[in-house]
>>> print(open('structure.pdb').read())   # PDB, C-alpha atoms, pLDDT in the B column
ATOM      1  CA  MET A   1       0.000   0.000   0.000  1.00 60.00           C
ATOM      2  CA  ALA A   2       1.353   3.428  -0.969  1.00 71.00           C
ATOM      3  CA  ARG A   3       2.185   5.907   1.760  1.00 92.00           C
ATOM      4  CA  GLU A   4       0.015   9.010   1.991  1.00 96.00           C
ATOM      5  CA  PHE A   5       0.630  12.697   2.552  1.00 97.00           C
ATOM      6  CA  HIS A   6      -1.669  15.690   2.868  1.00 97.00           C
ATOM      7  CA  LEU A   7      -2.056  17.710  -0.332  1.00 98.00           C
ATOM      8  CA  SER A   8      -3.203  21.304  -0.244  1.00 98.00           C
ATOM      9  CA  VAL A   9      -3.749  23.422  -3.373  1.00 98.00           C
ATOM     10  CA  VAL A  10      -4.659  27.013  -2.597  1.00 98.00           C
ATOM     11  CA  ALA A  11      -5.535  29.851  -4.970  1.00 97.00           C
ATOM     12  CA  PRO A  12      -5.736  33.482  -3.786  1.00 96.00           C
ATOM     13  CA  ASP A  13      -9.521  33.255  -3.441  1.00 95.00           C
ATOM     14  CA  ARG A  14     -10.071  29.704  -2.153  1.00 96.00           C
ATOM     15  CA  ALA A  15      -8.760  26.273  -1.260  1.00 97.00           C
ATOM     16  CA  VAL A  16      -9.064  24.048  -4.337  1.00 98.00           C
ATOM     17  CA  VAL A  17      -7.798  20.743  -2.920  1.00 98.00           C
ATOM     18  CA  GLU A  18      -7.496  19.617   0.715  1.00 98.00           C
ATOM     19  CA  GLU A  19      -7.105  15.838   0.823  1.00 97.00           C
ATOM     20  CA  ASN A  20      -4.689  12.968   1.187  1.00 97.00           C
ATOM     21  CA  ALA A  21      -2.707  11.780  -1.808  1.00 98.00           C
ATOM     22  CA  THR A  22      -0.117   9.137  -2.620  1.00 97.00           C
ATOM     23  CA  ALA A  23       1.608  10.886  -5.540  1.00 97.00           C
ATOM     24  CA  VAL A  24       1.641  14.260  -7.266  1.00 98.00           C
ATOM     25  CA  VAL A  25       3.132  15.541 -10.523  1.00 98.00           C
ATOM     26  CA  VAL A  26       3.469  19.315 -10.940  1.00 98.00           C
ATOM     27  CA  PRO A  27       4.618  21.695 -13.704  1.00 98.00           C
ATOM     28  CA  GLY A  28       7.897  23.134 -12.420  1.00 97.00           C
ATOM     29  CA  VAL A  29       9.571  26.014 -14.211  1.00 96.00           C
ATOM     30  CA  ASP A  30      12.246  23.576 -15.440  1.00 96.00           C
ATOM     31  CA  GLY A  31       9.750  20.840 -16.347  1.00 96.00           C
ATOM     32  CA  TYR A  32       7.308  18.487 -14.711  1.00 97.00           C
ATOM     33  CA  PHE A  33       8.425  16.613 -11.602  1.00 97.00           C
ATOM     34  CA  GLY A  34       6.832  14.062  -9.298  1.00 97.00           C
ATOM     35  CA  LEU A  35       6.633  13.652  -5.551  1.00 96.00           C
ATOM     36  CA  LEU A  36       5.853  10.721  -3.277  1.00 95.00           C
ATOM     37  CA  ALA A  37       5.469  10.500   0.497  1.00 93.00           C
ATOM     38  CA  GLY A  38       8.769  10.941   2.291  1.00 91.00           C
ATOM     39  CA  HIS A  39      10.216  13.319  -0.303  1.00 93.00           C
ATOM     40  CA  VAL A  40      12.938  15.597   1.029  1.00 94.00           C
ATOM     41  CA  PRO A  41      11.820  19.123   1.952  1.00 95.00           C
ATOM     42  CA  LEU A  42      11.611  21.323  -1.124  1.00 95.00           C
ATOM     43  CA  ILE A  43      10.400  24.697  -2.325  1.00 97.00           C
ATOM     44  CA  ALA A  44      10.076  25.182  -6.085  1.00 98.00           C
ATOM     45  CA  ALA A  45       8.505  27.617  -8.528  1.00 98.00           C
ATOM     46  CA  LEU A  46       5.691  26.408 -10.781  1.00 98.00           C
ATOM     47  CA  ARG A  47       4.660  27.494 -14.259  1.00 96.00           C
ATOM     48  CA  PRO A  48       1.137  27.320 -15.683  1.00 96.00           C
ATOM     49  CA  GLY A  49       0.202  23.721 -16.374  1.00 96.00           C
ATOM     50  CA  VAL A  50      -1.739  20.647 -15.360  1.00 97.00           C
ATOM     51  CA  MET A  51      -1.057  19.135 -11.972  1.00 97.00           C
ATOM     52  CA  GLU A  52      -1.992  15.478 -11.459  1.00 97.00           C
ATOM     53  CA  TYR A  53      -2.393  13.694  -8.162  1.00 98.00           C
ATOM     54  CA  THR A  54      -3.405  10.206  -7.100  1.00 97.00           C
ATOM     55  CA  ASP A  55      -5.688   9.723  -4.107  1.00 97.00           C
ATOM     56  CA  PRO A  56      -5.424   6.796  -1.639  1.00 96.00           C
ATOM     57  CA  SER A  57      -8.044   4.847  -3.685  1.00 96.00           C
ATOM     58  CA  ASN A  58      -5.689   5.088  -6.698  1.00 95.00           C
ATOM     59  CA  ASN A  59      -7.948   7.538  -8.570  1.00 96.00           C
ATOM     60  CA  ARG A  60      -6.174  10.188 -10.637  1.00 96.00           C
ATOM     61  CA  HIS A  61      -7.259  13.841 -10.420  1.00 97.00           C
ATOM     62  CA  HIS A  62      -6.192  16.856 -12.484  1.00 97.00           C
ATOM     63  CA  VAL A  63      -5.933  20.491 -11.433  1.00 98.00           C
ATOM     64  CA  TYR A  64      -4.969  23.488 -13.538  1.00 97.00           C
ATOM     65  CA  VAL A  65      -2.411  25.704 -11.783  1.00 98.00           C
ATOM     66  CA  GLY A  66      -1.491  29.087 -13.222  1.00 95.00           C
ATOM     67  CA  GLY A  67       1.987  29.234 -11.733  1.00 95.00           C
ATOM     68  CA  GLY A  68       3.030  29.762  -8.135  1.00 97.00           C
ATOM     69  CA  PHE A  69       5.072  27.727  -5.683  1.00 98.00           C
ATOM     70  CA  ILE A  70       5.128  24.266  -4.140  1.00 98.00           C
ATOM     71  CA  GLU A  71       6.410  23.475  -0.671  1.00 98.00           C
ATOM     72  CA  VAL A  72       7.148  19.940   0.460  1.00 97.00           C
ATOM     73  CA  SER A  73       7.601  19.306   4.169  1.00 93.00           C
ATOM     74  CA  SER A  74       7.144  16.398   6.528  1.00 86.00           C
ATOM     75  CA  GLY A  75       3.926  14.645   5.491  1.00 89.00           C
ATOM     76  CA  ARG A  76       2.573  17.642   3.593  1.00 96.00           C
ATOM     77  CA  VAL A  77       2.659  19.091   0.069  1.00 97.00           C
ATOM     78  CA  SER A  78       1.336  22.645  -0.317  1.00 98.00           C
ATOM     79  CA  VAL A  79       0.763  24.348  -3.666  1.00 98.00           C
ATOM     80  CA  LEU A  80       0.327  28.117  -3.498  1.00 98.00           C
ATOM     81  CA  ALA A  81      -0.992  28.888  -6.967  1.00 97.00           C
ATOM     82  CA  ASP A  82      -1.494  32.207  -8.722  1.00 96.00           C
ATOM     83  CA  GLU A  83      -4.750  30.641  -9.907  1.00 96.00           C
ATOM     84  CA  ALA A  84      -6.061  27.088  -9.680  1.00 97.00           C
ATOM     85  CA  LYS A  85      -9.117  25.135 -10.730  1.00 97.00           C
ATOM     86  CA  ARG A  86     -10.100  21.491 -10.721  1.00 97.00           C
ATOM     87  CA  ALA A  87     -10.025  20.261 -14.309  1.00 96.00           C
ATOM     88  CA  ILE A  88     -13.576  18.920 -14.117  1.00 96.00           C
ATOM     89  CA  ASP A  89     -14.802  22.456 -13.310  1.00 96.00           C
ATOM     90  CA  ILE A  90     -13.252  24.084 -16.390  1.00 96.00           C
ATOM     91  CA  ASP A  91     -15.589  25.078 -19.227  1.00 95.00           C
ATOM     92  CA  ILE A  92     -13.774  24.559 -22.540  1.00 96.00           C
ATOM     93  CA  ALA A  93     -15.971  27.027 -24.456  1.00 95.00           C
ATOM     94  CA  THR A  94     -15.184  29.820 -21.979  1.00 95.00           C
ATOM     95  CA  GLU A  95     -11.465  29.082 -22.196  1.00 95.00           C
ATOM     96  CA  GLU A  96     -11.546  29.050 -25.995  1.00 96.00           C
ATOM     97  CA  LYS A  97     -13.107  32.544 -25.886  1.00 93.00           C
ATOM     98  CA  ALA A  98     -10.341  33.742 -23.544  1.00 91.00           C
ATOM     99  CA  LEU A  99      -7.763  32.236 -25.895  1.00 92.00           C
ATOM    100  CA  GLU A 100      -9.251  34.012 -28.907  1.00 92.00           C
ATOM    101  CA  GLU A 101      -9.364  37.338 -27.028  1.00 88.00           C
ATOM    102  CA  ALA A 102      -5.662  37.026 -26.213  1.00 89.00           C
ATOM    103  CA  ARG A 103      -4.824  36.114 -29.804  1.00 90.00           C
ATOM    104  CA  LYS A 104      -6.756  39.178 -31.026  1.00 84.00           C
ATOM    105  CA  SER A 105      -4.557  41.362 -28.862  1.00 83.00           C
ATOM    106  CA  LEU A 106      -1.398  39.921 -30.391  1.00 83.00           C
ATOM    107  CA  ARG A 107      -2.789  40.492 -33.886  1.00 83.00           C
ATOM    108  CA  GLY A 108      -3.262  44.166 -33.005  1.00 79.00           C
ATOM    109  CA  GLU A 109      -7.055  44.036 -32.972  1.00 77.00           C
ATOM    110  CA  ASP A 110      -9.154  45.767 -30.312  1.00 75.00           C
ATOM    111  CA  SER A 111      -8.581  44.047 -26.990  1.00 69.00           C
ATOM    112  CA  THR A 112      -8.433  44.817 -23.293  1.00 74.00           C
ATOM    113  CA  LEU A 113      -5.100  42.972 -22.996  1.00 70.00           C
ATOM    114  CA  GLY A 114      -1.621  44.330 -23.600  1.00 77.00           C
ATOM    115  CA  SER A 115       0.807  42.137 -25.531  1.00 75.00           C
ATOM    116  CA  THR A 116       2.662  40.885 -22.433  1.00 80.00           C
ATOM    117  CA  ASP A 117      -0.589  39.953 -20.697  1.00 81.00           C
ATOM    118  CA  ALA A 118      -1.855  38.373 -23.922  1.00 83.00           C
ATOM    119  CA  VAL A 119       1.148  36.042 -24.166  1.00 89.00           C
ATOM    120  CA  LEU A 120       0.644  34.903 -20.571  1.00 89.00           C
ATOM    121  CA  GLU A 121      -3.118  34.501 -21.076  1.00 89.00           C
ATOM    122  CA  ILE A 122      -2.547  32.362 -24.186  1.00 91.00           C
ATOM    123  CA  GLU A 123      -0.311  30.013 -22.209  1.00 93.00           C
ATOM    124  CA  ARG A 124      -2.774  29.844 -19.313  1.00 93.00           C
ATOM    125  CA  ALA A 125      -5.847  29.362 -21.533  1.00 94.00           C
ATOM    126  CA  LEU A 126      -4.120  26.563 -23.456  1.00 95.00           C
ATOM    127  CA  GLN A 127      -3.216  24.844 -20.180  1.00 95.00           C
ATOM    128  CA  ARG A 128      -6.782  25.206 -18.838  1.00 96.00           C
ATOM    129  CA  ILE A 129      -8.136  23.667 -22.068  1.00 96.00           C
ATOM    130  CA  LYS A 130      -5.589  20.852 -21.805  1.00 95.00           C
ATOM    131  CA  ALA A 131      -6.612  20.183 -18.189  1.00 95.00           C
ATOM    132  CA  ALA A 132     -10.306  20.117 -19.065  1.00 95.00           C
ATOM    133  CA  ARG A 133      -9.717  17.676 -21.931  1.00 94.00           C
ATOM    134  CA  VAL A 134      -7.588  15.363 -19.789  1.00 92.00           C
ATOM    135  CA  ALA A 135     -10.360  15.211 -17.177  1.00 84.00           C
ATOM    136  CA  ARG A 136     -13.053  14.165 -19.660  1.00 78.00           C
TER     137      ARG A 136
END
>>> encode(input="structure.pdb", output="structure tokens")
Amino acid sequence: MAREFHLSVVAPDRAVVEENATAVVVPGVDGYFGLLAGHVPLIAALRPGVMEYTDPSNNRHHVYVGGGFIEVSSGRVSVLADEAKRAIDIDIATEEKALEEARKSLRGEDSTLGSTDAVLEIERALQRIKAARVAR
């Protein structure tokens, strides 16, 4: 039986995940990396991407994280995300609209986004769409 640890994923406005897990894979700034119970203490930066974790019943879950940090300590993994959402809660149509709005900005069309924000929003929208598709 796999060892468990407490997983916490927190966005600025709410807690997204508060449960036990046996494994987690997160999008680090240098690439995806995995963690199991007993991992050495660690603090790392995250980039926008799809986080996957396995619960004690061996079910896989996916969460979109929009960057942030992860802290691993004794028996606990905490993700402090710039934004986060369970993949099953993401509406693909809404994210495709956000993606198109960001692309319009880069094409020089009327948009509320500047070019720097548009580039970041494109990356985040693509990752949210990816998360939603993985969960279905």
>>> residues_near_point(input="structure.pdb", point="(-12.4, 38.0, -25.7)", cutoff="12 Å", atoms="all atoms listed in the file", output="JSON, numbers by chain")
{"A": [93, 94, 95, 96, 97, 98, 99, 100, 101, 102, 103, 104, 105, 109, 110, 111, 112, 113, 118, 121, 122, 125]}
>>> residues_around(input="structure.pdb", residues="range 42-59 of chain A", least_positions_apart="2", cutoff="9 Å", atoms="only C-alpha atoms", output="mmCIF file with C-alpha atoms, in the frame of the given file")
data_model
loop_
_atom_site.group_PDB
_atom_site.id
_atom_site.type_symbol
_atom_site.label_atom_id
_atom_site.label_comp_id
_atom_site.auth_asym_id
_atom_site.auth_seq_id
_atom_site.Cartn_x
_atom_site.Cartn_y
_atom_site.Cartn_z
ATOM 1 C CA MET A 1 0.000 0.000 0.000
ATOM 2 C CA ALA A 2 1.353 3.428 -0.969
ATOM 3 C CA ARG A 3 2.185 5.907 1.760
ATOM 4 C CA GLU A 4 0.015 9.010 1.991
ATOM 5 C CA LEU A 7 -2.056 17.710 -0.332
ATOM 6 C CA GLU A 19 -7.105 15.838 0.823
ATOM 7 C CA ASN A 20 -4.689 12.968 1.187
ATOM 8 C CA ALA A 21 -2.707 11.780 -1.808
ATOM 9 C CA THR A 22 -0.117 9.137 -2.620
ATOM 10 C CA ALA A 23 1.608 10.886 -5.540
ATOM 11 C CA VAL A 24 1.641 14.260 -7.266
ATOM 12 C CA VAL A 25 3.132 15.541 -10.523
ATOM 13 C CA VAL A 26 3.469 19.315 -10.940
ATOM 14 C CA PRO A 27 4.618 21.695 -13.704
ATOM 15 C CA GLY A 28 7.897 23.134 -12.420
ATOM 16 C CA VAL A 29 9.571 26.014 -14.211
ATOM 17 C CA ASP A 30 12.246 23.576 -15.440
ATOM 18 C CA GLY A 31 9.750 20.840 -16.347
ATOM 19 C CA TYR A 32 7.308 18.487 -14.711
ATOM 20 C CA HIS A 39 10.216 13.319 -0.303
ATOM 21 C CA VAL A 40 12.938 15.597 1.029
ATOM 22 C CA HIS A 61 -7.259 13.841 -10.420
ATOM 23 C CA HIS A 62 -6.192 16.856 -12.484
ATOM 24 C CA VAL A 63 -5.933 20.491 -11.433
ATOM 25 C CA TYR A 64 -4.969 23.488 -13.538
ATOM 26 C CA VAL A 65 -2.411 25.704 -11.783
ATOM 27 C CA GLY A 66 -1.491 29.087 -13.222
ATOM 28 C CA GLY A 67 1.987 29.234 -11.733
ATOM 29 C CA GLY A 68 3.030 29.762 -8.135
ATOM 30 C CA PHE A 69 5.072 27.727 -5.683
ATOM 31 C CA ILE A 70 5.128 24.266 -4.140
ATOM 32 C CA GLU A 71 6.410 23.475 -0.671
ATOM 33 C CA VAL A 72 7.148 19.940 0.460
ATOM 34 C CA SER A 73 7.601 19.306 4.169
ATOM 35 C CA VAL A 79 0.763 24.348 -3.666
ATOM 36 C CA ALA A 81 -0.992 28.888 -6.967
ATOM 37 C CA ASP A 82 -1.494 32.207 -8.722
ATOM 38 C CA GLU A 83 -4.750 30.641 -9.907
ATOM 39 C CA ALA A 87 -10.025 20.261 -14.309
ATOM 40 C CA GLU A 123 -0.311 30.013 -22.209
ATOM 41 C CA ARG A 124 -2.774 29.844 -19.313
ATOM 42 C CA LEU A 126 -4.120 26.563 -23.456
ATOM 43 C CA GLN A 127 -3.216 24.844 -20.180
ATOM 44 C CA ARG A 128 -6.782 25.206 -18.838
ATOM 45 C CA LYS A 130 -5.589 20.852 -21.805
ATOM 46 C CA ALA A 131 -6.612 20.183 -18.189
#
>>> closest_residue(input="structure.pdb", among="A:Ala84, A:Ile90, A:Leu35, A:Ala135", to="Pro12 in chain A", atoms="only C-alpha atoms")
A:Ala84
>>> build_atoms(input="structure.pdb", residues="range 22-35 of chain A", atoms="N, CA and C atoms", output="mmCIF file, in the frame of the given file")
data_model
loop_
_atom_site.group_PDB
_atom_site.id
_atom_site.type_symbol
_atom_site.label_atom_id
_atom_site.label_comp_id
_atom_site.auth_asym_id
_atom_site.auth_seq_id
_atom_site.Cartn_x
_atom_site.Cartn_y
_atom_site.Cartn_z
ATOM 1 N N THR A 22 -1.263 10.046 -2.660
ATOM 2 C CA THR A 22 -0.117 9.137 -2.620
ATOM 3 C C THR A 22 0.975 9.555 -3.590
ATOM 4 N N ALA A 23 0.635 10.399 -4.567
ATOM 5 C CA ALA A 23 1.608 10.886 -5.540
ATOM 6 C C ALA A 23 1.082 12.174 -6.148
ATOM 7 N N VAL A 24 2.014 13.020 -6.585
ATOM 8 C CA VAL A 24 1.641 14.260 -7.266
ATOM 9 C C VAL A 24 2.696 14.564 -8.327
ATOM 10 N N VAL A 25 2.241 15.085 -9.455
ATOM 11 C CA VAL A 25 3.132 15.541 -10.523
ATOM 12 C C VAL A 25 2.745 16.986 -10.813
ATOM 13 N N VAL A 26 3.735 17.890 -10.778
ATOM 14 C CA VAL A 26 3.469 19.315 -10.940
ATOM 15 C C VAL A 26 4.334 19.912 -12.051
ATOM 16 N N PRO A 27 3.856 21.036 -12.644
ATOM 17 C CA PRO A 27 4.618 21.695 -13.704
ATOM 18 C C PRO A 27 5.642 22.689 -13.136
ATOM 19 N N GLY A 28 6.846 22.244 -12.900
ATOM 20 C CA GLY A 28 7.897 23.134 -12.420
ATOM 21 C C GLY A 28 8.399 24.036 -13.538
ATOM 22 N N VAL A 29 9.075 25.097 -13.184
ATOM 23 C CA VAL A 29 9.571 26.014 -14.211
ATOM 24 C C VAL A 29 10.608 25.340 -15.113
ATOM 25 N N ASP A 30 11.265 24.302 -14.630
ATOM 26 C CA ASP A 30 12.246 23.576 -15.440
ATOM 27 C C ASP A 30 11.695 22.265 -15.980
ATOM 28 N N GLY A 31 10.379 22.059 -15.859
ATOM 29 C CA GLY A 31 9.750 20.840 -16.347
ATOM 30 C C GLY A 31 8.940 20.169 -15.260
ATOM 31 N N TYR A 32 8.149 19.205 -15.665
ATOM 32 C CA TYR A 32 7.308 18.487 -14.711
ATOM 33 C C TYR A 32 8.173 17.632 -13.793
ATOM 34 N N PHE A 33 7.751 17.512 -12.527
ATOM 35 C CA PHE A 33 8.425 16.613 -11.602
ATOM 36 C C PHE A 33 7.405 15.994 -10.667
ATOM 37 N N GLY A 34 7.745 14.812 -10.149
ATOM 38 C CA GLY A 34 6.832 14.062 -9.298
ATOM 39 C C GLY A 34 7.314 13.977 -7.869
ATOM 40 N N LEU A 35 6.354 13.765 -6.976
ATOM 41 C CA LEU A 35 6.633 13.652 -5.551
ATOM 42 C C LEU A 35 5.858 12.488 -4.965
#
